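Colleague: Mind looking over this structure? Questions follow.
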Amino acid sequence: MRRPWALLLVAALLVLPAVRADPALSSPASGQGLAEWTFSNPANYTLANASLSPNGASLAWSTATATDTTQADFAQASALENVNLTASPGDVVIDNTSKPGPVQNLTFQPTPAQLSDNYLYKGNGGNPNFGLSPELKSGNWGGGEWSRAILQFPALPLPANATLVGARLALYFYDPITTNPMDYSAHRMLDSWTELGSNWDTRDGVTPWNTTGGDFDPTALDTVSGIAATPGWFSWNVTGLVQGWWTGTIPNDGLMVRQVSDNTTVLGEKGFYSSDSTNTTLRPELQLTYTTPGSRGILVSRALDAGGRARWGSVWWNATVPAGTAVAVETRSGDTFPADASWSAWSAAYAGPGVAIASPPARYLEYEVILSTDSATSPSVHDVTVGWGRYATAGALTTQALDPPSLEAWGNLSLASTAPAGTSVALQVSQDNGSSWVAVADGQNLSSRLLLPIRVRILLATNDTTLTPAVATVSLAYRVAVPGGTGPLPAGGGSGVPWWALGLLALALGALLVVLALRGPTFAAVGLLLIHADGRLVTQVGRERLLRDELATSAMLTLVLQFVRDSFRDAKGGGGELKSLEVDDRGVSIVKGDFLYLALIGEGTPPAQLSERMTGFLRRLEAEHGRRLQAWDGLRSGLDGLQGELEAFLEKGYRRSQAGEDSRYRG
């Protein structure tokens, strides 16, 4: 049956670009060739400290870790503070867990209901109580008027395990009843008393003091001098007394504030705010300082050397952390050894193991482990691991030999690359299979080189191993012989086949099919094409070369197959494989394997089992030569032995059944 659409389809599809390989070979114009390496197939290159990616070629990126886990590892620390490495070899623990933690401050200002305060008054008007007065008066006014302030604080609001290290009684002076400077001292009270019952003569309104005016220790705890007329806070150091209250060694009967020598000297009187003052912020207070158990141990690690500037990864650690203890890990980095002022500051403590390191890229890194406890129990760090990554300082990648057929001259060698500051890219070529190399510049013309196969080597280097140069493509132009003369060398770039050449190919194939249609009915195989699935012609055998441009021919056939699969699907969504192009009973029979097409061009009516025999033969080829054909580099040197098998099949193999013939079809 005639298929008049076939010739039109071939002519239309031939104008599409050819499938590219690595290196991609193209012909920008007659007699011109261009090889372009895009680094898409690692099998086509020899790599040394280099890697390939969709973006091209670069220096190899490597990752590494360092782990401290033994006593010897931790003993290399650059600094140790209150750390024990021998109690549990291989672990880091706090050496002395009884050390106090940092000093803490607490201002204790009780409410009126909590604080008992009063001032004892001797003078005209009897023996009154001033427990609800908003002020505390103290001093010898003279003329028989005399006053002393007394205060009793409730239990101190400190943690049960606190150690009191300081206490000051603070009173706000607001009323200079007399303005002359006066000295005031604080004393320990020796008997209990009540806020609303105590007065100059009695402790509770009934029981008399042992000495009128209150029972107190005449030895002053502390004295403040020169209180005159300027309002403000004044405080007395009462640490020893309040420590006794806290530890229970001294009963808390309160304390007294009195004018120094008030029993012999008449100076006047001063007024201080009491707990009943309406100004709540100026009421009496105790200013306390204390510590709780809070031992710390610190280990600063050895300087971990990445071997070059690196980007830090994550930090990991394993630790046992009982309740009331903690472990924190920080890092810093720098490019000098040992660490100095040029290093980064310590990072914030990491939230937990496995967190990304915040320190900036550098060659060296230290970690700091901080262990803490508020009891006799210590946390324990078992190991610390730090990760990093960096590029190789230098690398190279080498192409396979390029050997274009009918070579007349080499042209320009060019590359497309990026090289950040401190990195470099260089080119070399070899024409003795890598025994010796010659440096060439980007864009250099190689027309003076011998007409021998050529290999290209790309050298990559960096002074900063956090950076790499990158090469996107390398291209080499060349000139090949064509009938009727030579053409100029291309400068670079371009792909595919010129439109006019594709048009000629379409006409040639059409003419071929017409000739086949005019021949007699006896079938004879005249040509056999083996085509890669990516469109490249692997090889062809036959009585004569059917078409001069093998690449365009094979690409055309592959695209025809794809077009028919995609365009002529049945109603169920399936598609048919194009099995032949026919003009009457003559044409091209095609079978498809896993990654190859086999096309047989014949004259006349093909045998009934031709497709089956071609399929069997193609399966044998893929089974025997599959590995090297799948990775085929496009050069004839990789097809040893294959040509003879194709010639044998074209000569007689297509006539035979599969049973009883050897794998070479030479029986």
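Chain labels run A, B, ... following the order of the structure tokens; each chain numbers its residues from 1, and ligands are numbered from 1 in the order shown.
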Can you list, as a list in words, every protein, DNA or RNA residue that comes within 6 Å of A:Val480 when you count only C-alpha atoms, leaving out same-chain residues fewer than 6 positions away?
Modeller: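 The neighbour list is Gly31, Ser406, Leu407 and Glu408 of chain A.
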Colleague: Write the selection just made, keeping C-alpha atoms, as a compact mmCIF listing (two decimals), in the first residue's frame?
Modeller:
```txt
# COMPACT_ATOMS: atom_id res chain seq x y z
CA GLY A 31 33.32 21.33 5.81
CA SER A 406 38.39 13.22 7.14
CA LEU A 407 40.03 15.77 9.47
CA GLU A 408 41.85 18.59 7.64
```
Colleague: Taking 2 positions as the minimum chain separation for residues in the same chain, which residues sit within 10 Å of A:Leu451 when counting only C-alpha atoms? Answer as a VMD selection string.
Modeller: chain A and resid 403 to 404 406 to 410 431 447 to 449 453 to 454
Colleague: Export, as a JSON list (two decimals), in the first residue's frame, the selected residues with N, CA, C and O atoms.
Modeller:
```json
[["chain", "number", "residue", "atom", "x", "y", "z"],
["A", 403, "ASP", "N", 38.45, 12.19, 17.38],
["A", 403, "ASP", "CA", 39.09, 11.82, 16.11],
["A", 403, "ASP", "C", 38.06, 11.92, 14.99],
["A", 403, "ASP", "O", 37.52, 10.91, 14.53],
["A", 404, "PRO", "N", 37.76, 13.14, 14.51],
["A", 404, "PRO", "CA", 36.75, 13.29, 13.46],
["A", 404, "PRO", "C", 37.22, 12.63, 12.15],
["A", 404, "PRO", "O", 38.40, 12.74, 11.78],
["A", 406, "SER", "N", 38.00, 12.29, 8.21],
["A", 406, "SER", "CA", 38.39, 13.22, 7.14],
["A", 406, "SER", "C", 38.85, 14.56, 7.69],
["A", 406, "SER", "O", 38.57, 15.62, 7.11],
["A", 407, "LEU", "N", 39.56, 14.53, 8.84],
["A", 407, "LEU", "CA", 40.03, 15.77, 9.47],
["A", 407, "LEU", "C", 41.06, 16.46, 8.59],
["A", 407, "LEU", "O", 42.00, 15.85, 8.11],
["A", 408, "GLU", "N", 40.88, 17.79, 8.39],
["A", 408, "GLU", "CA", 41.85, 18.59, 7.64],
["A", 408, "GLU", "C", 42.60, 19.59, 8.52],
["A", 408, "GLU", "O", 43.75, 19.91, 8.25],
["A", 409, "ALA", "N", 41.94, 20.07, 9.62],
["A", 409, "ALA", "CA", 42.62, 21.02, 10.49],
["A", 409, "ALA", "C", 41.82, 21.18, 11.77],
["A", 409, "ALA", "O", 40.59, 21.10, 11.77],
["A", 410, "TRP", "N", 42.56, 21.42, 12.88],
["A", 410, "TRP", "CA", 41.93, 21.79, 14.13],
["A", 410, "TRP", "C", 41.70, 23.30, 14.15],
["A", 410, "TRP", "O", 42.43, 24.05, 13.51],
["A", 431, "GLN", "N", 48.15, 14.91, 22.21],
["A", 431, "GLN", "CA", 47.92, 14.13, 20.99],
["A", 431, "GLN", "C", 48.73, 12.85, 21.00],
["A", 431, "GLN", "O", 48.96, 12.24, 19.96],
["A", 447, "SER", "N", 45.27, 25.25, 14.83],
["A", 447, "SER", "CA", 45.48, 24.80, 13.45],
["A", 447, "SER", "C", 46.89, 24.30, 13.20],
["A", 447, "SER", "O", 47.14, 23.56, 12.24],
["A", 448, "SER", "N", 47.83, 24.68, 14.08],
["A", 448, "SER", "CA", 49.21, 24.20, 13.92],
["A", 448, "SER", "C", 49.42, 22.82, 14.50],
["A", 448, "SER", "O", 50.49, 22.23, 14.32],
["A", 449, "ARG", "N", 48.42, 22.29, 15.19],
["A", 449, "ARG", "CA", 48.56, 20.96, 15.78],
["A", 449, "ARG", "C", 48.46, 19.89, 14.71],
["A", 449, "ARG", "O", 47.90, 20.08, 13.63],
["A", 453, "PRO", "N", 44.33, 12.33, 16.73],
["A", 453, "PRO", "CA", 43.31, 12.45, 17.76],
["A", 453, "PRO", "C", 43.78, 13.36, 18.90],
["A", 453, "PRO", "O", 44.97, 13.38, 19.23],
["A", 454, "ILE", "N", 42.85, 14.06, 19.49],
["A", 454, "ILE", "CA", 43.20, 15.05, 20.50],
["A", 454, "ILE", "C", 42.36, 14.84, 21.76],
["A", 454, "ILE", "O", 41.19, 14.48, 21.69]]
```
Colleague: Which residues come within 9 Å of A:Ala426, counting only C-alpha atoms, excluding same-chain residues fewer than 3 positions away, as a list in words?
Modeller: Ala439, Val440, Ala441, Asp442, Arg457, Ile458, Leu459, Leu460 and Ala461 of chain A
Colleague: Might you pull out every residue within 10 Å of A:Ala21, with only C-alpha atoms counted and same-chain residues fewer than 2 positions away left off, and present them as a list in words?
Modeller: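 What passes the distance filter is Ala18, Val19, Pro23, Ala24, Leu25, Ser26, Ala35, Glu36, Trp37, Thr38, Ser40, Asn41, Asp534, Gly535, Arg536, Trp632, Asp633 and Gly634 of chain A.
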Colleague: With only C-alpha atoms as the atoms that count, which of A:Arg613, A:Arg479, A:Lys99, A:His382 lies nearest to A:Thr320?
Modeller: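 Ranked by minimum distance to A:Thr320, first place goes to A:His382.
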Colleague: If you count only C-alpha atoms, which residues fall within 6 Å of A:Val471, apart from same-chain ones fewer than 3 positions away, as a list in words?
Modeller: Gly56, Ala57, Ala416 and Ser417 of chain A
Colleague: If you keep all heavy atoms, can you produce a file of those selected residues as an mmCIF file, in the first residue's frame?
Modeller:
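Full text of selection_32.cif as output:
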```cif
data_model
loop_
_atom_site.group_PDB
_atom_site.id
_atom_site.type_symbol
_atom_site.label_atom_id
_atom_site.label_comp_id
_atom_site.auth_asym_id
_atom_site.auth_seq_id
_atom_site.Cartn_x
_atom_site.Cartn_y
_atom_site.Cartn_z
ATOM 1 N N GLY A 56 27.653 21.716 35.103
ATOM 2 C CA GLY A 56 28.971 21.616 34.496
ATOM 3 C C GLY A 56 29.960 20.927 35.400
ATOM 4 O O GLY A 56 29.604 20.093 36.242
ATOM 5 N N ALA A 57 31.245 21.290 35.240
ATOM 6 C CA ALA A 57 32.329 20.659 35.977
ATOM 7 C C ALA A 57 32.853 21.604 37.046
ATOM 8 O O ALA A 57 32.927 22.818 36.843
ATOM 9 C CB ALA A 57 33.452 20.274 35.016
ATOM 10 N N ALA A 416 33.502 28.017 28.377
ATOM 11 C CA ALA A 416 32.597 28.920 29.096
ATOM 12 C C ALA A 416 32.693 28.559 30.566
ATOM 13 O O ALA A 416 32.359 27.438 30.953
ATOM 14 C CB ALA A 416 31.164 28.764 28.585
ATOM 15 N N SER A 417 33.189 29.493 31.384
ATOM 16 C CA SER A 417 33.452 29.168 32.785
ATOM 17 C C SER A 417 33.246 30.389 33.663
ATOM 18 O O SER A 417 33.164 31.525 33.189
ATOM 19 C CB SER A 417 34.884 28.663 32.952
ATOM 20 O OG SER A 417 35.816 29.696 32.650
#
```
Colleague: Show me, as a PDB file with N, CA, C and O atoms, in the first residue's frame, the residues that have an atom within 6 Å of A:Tyr364 when counting only C-alpha atoms, minus same-chain residues fewer than 3 positions from it.
Modeller:
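out_11.pdb, written as the output of this step:
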```pdb
ATOM      1  N   ALA A 303      41.954  22.721  68.690  1.00  0.00           N
ATOM      2  CA  ALA A 303      41.552  23.344  67.426  1.00  0.00           C
ATOM      3  C   ALA A 303      41.397  22.247  66.374  1.00  0.00           C
ATOM      4  O   ALA A 303      42.362  21.559  66.034  1.00  0.00           O
ATOM      5  N   LEU A 304      40.190  22.059  65.887  1.00  0.00           N
ATOM      6  CA  LEU A 304      39.911  21.059  64.860  1.00  0.00           C
ATOM      7  C   LEU A 304      40.296  21.630  63.504  1.00  0.00           C
ATOM      8  O   LEU A 304      39.828  22.712  63.121  1.00  0.00           O
ATOM      9  N   ASP A 305      41.149  20.923  62.759  1.00  0.00           N
ATOM     10  CA  ASP A 305      41.723  21.418  61.504  1.00  0.00           C
ATOM     11  C   ASP A 305      41.029  20.759  60.321  1.00  0.00           C
ATOM     12  O   ASP A 305      41.114  19.544  60.138  1.00  0.00           O
ATOM     13  N   SER A 333      35.429  30.000  65.386  1.00  0.00           N
ATOM     14  CA  SER A 333      36.268  29.569  64.275  1.00  0.00           C
ATOM     15  C   SER A 333      37.255  30.658  63.891  1.00  0.00           C
ATOM     16  O   SER A 333      37.061  31.837  64.205  1.00  0.00           O
ATOM     17  N   GLY A 334      38.330  30.250  63.187  1.00  0.00           N
ATOM     18  CA  GLY A 334      39.341  31.196  62.734  1.00  0.00           C
ATOM     19  C   GLY A 334      40.326  30.534  61.791  1.00  0.00           C
ATOM     20  O   GLY A 334      40.332  29.310  61.627  1.00  0.00           O
ATOM     21  N   ASP A 335      41.175  31.340  61.191  1.00  0.00           N
ATOM     22  CA  ASP A 335      42.144  30.843  60.214  1.00  0.00           C
ATOM     23  C   ASP A 335      43.569  30.828  60.749  1.00  0.00           C
ATOM     24  O   ASP A 335      44.503  30.560  59.990  1.00  0.00           O
TER      25      ASP A 335
END
```
Colleague: Which of these, A:Pro218, A:Pro176, A:Pro100, A:Pro469, has the shortest distance to A:Ser58 once you count only C-alpha atoms?
Modeller: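 Comparing A:Pro218, A:Pro176, A:Pro100, A:Pro469 against A:Ser58, the winner is A:Pro469.
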Colleague: Just checking: using only C-alpha atoms, which residue out of A:Pro208, A:Gly587, A:Pro353, A:Gly434 ends up closest to A:Glu330?
Modeller: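 The answer is A:Pro353, which sits nearest to A:Glu330.
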Colleague: Can you list every residue in stretch 107-178 of chain A that DSSP puts in strand (DSSP E or B), as a VMD selection string?
Modeller: chain A and resid 107 to 108 116 to 122 135 to 142 145 to 152 163 to 175
Colleague: Find the residue from A:Ala328, A:Val386, A:Leu646, A:Ala351 that sits nearest to A:Arg311; use only C-alpha atoms when measuring.
Modeller: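 Answer, going by the shortest atom-to-atom distance: A:Val386.
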Colleague: Find, counting only C-alpha atoms, the residue in A:Ser147, A:Thr278, A:Asn210, A:Gln243 that gets nearest to A:Asn263.
Modeller: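 Of the candidates, the smallest distance to A:Asn263 is held by A:Ser147.
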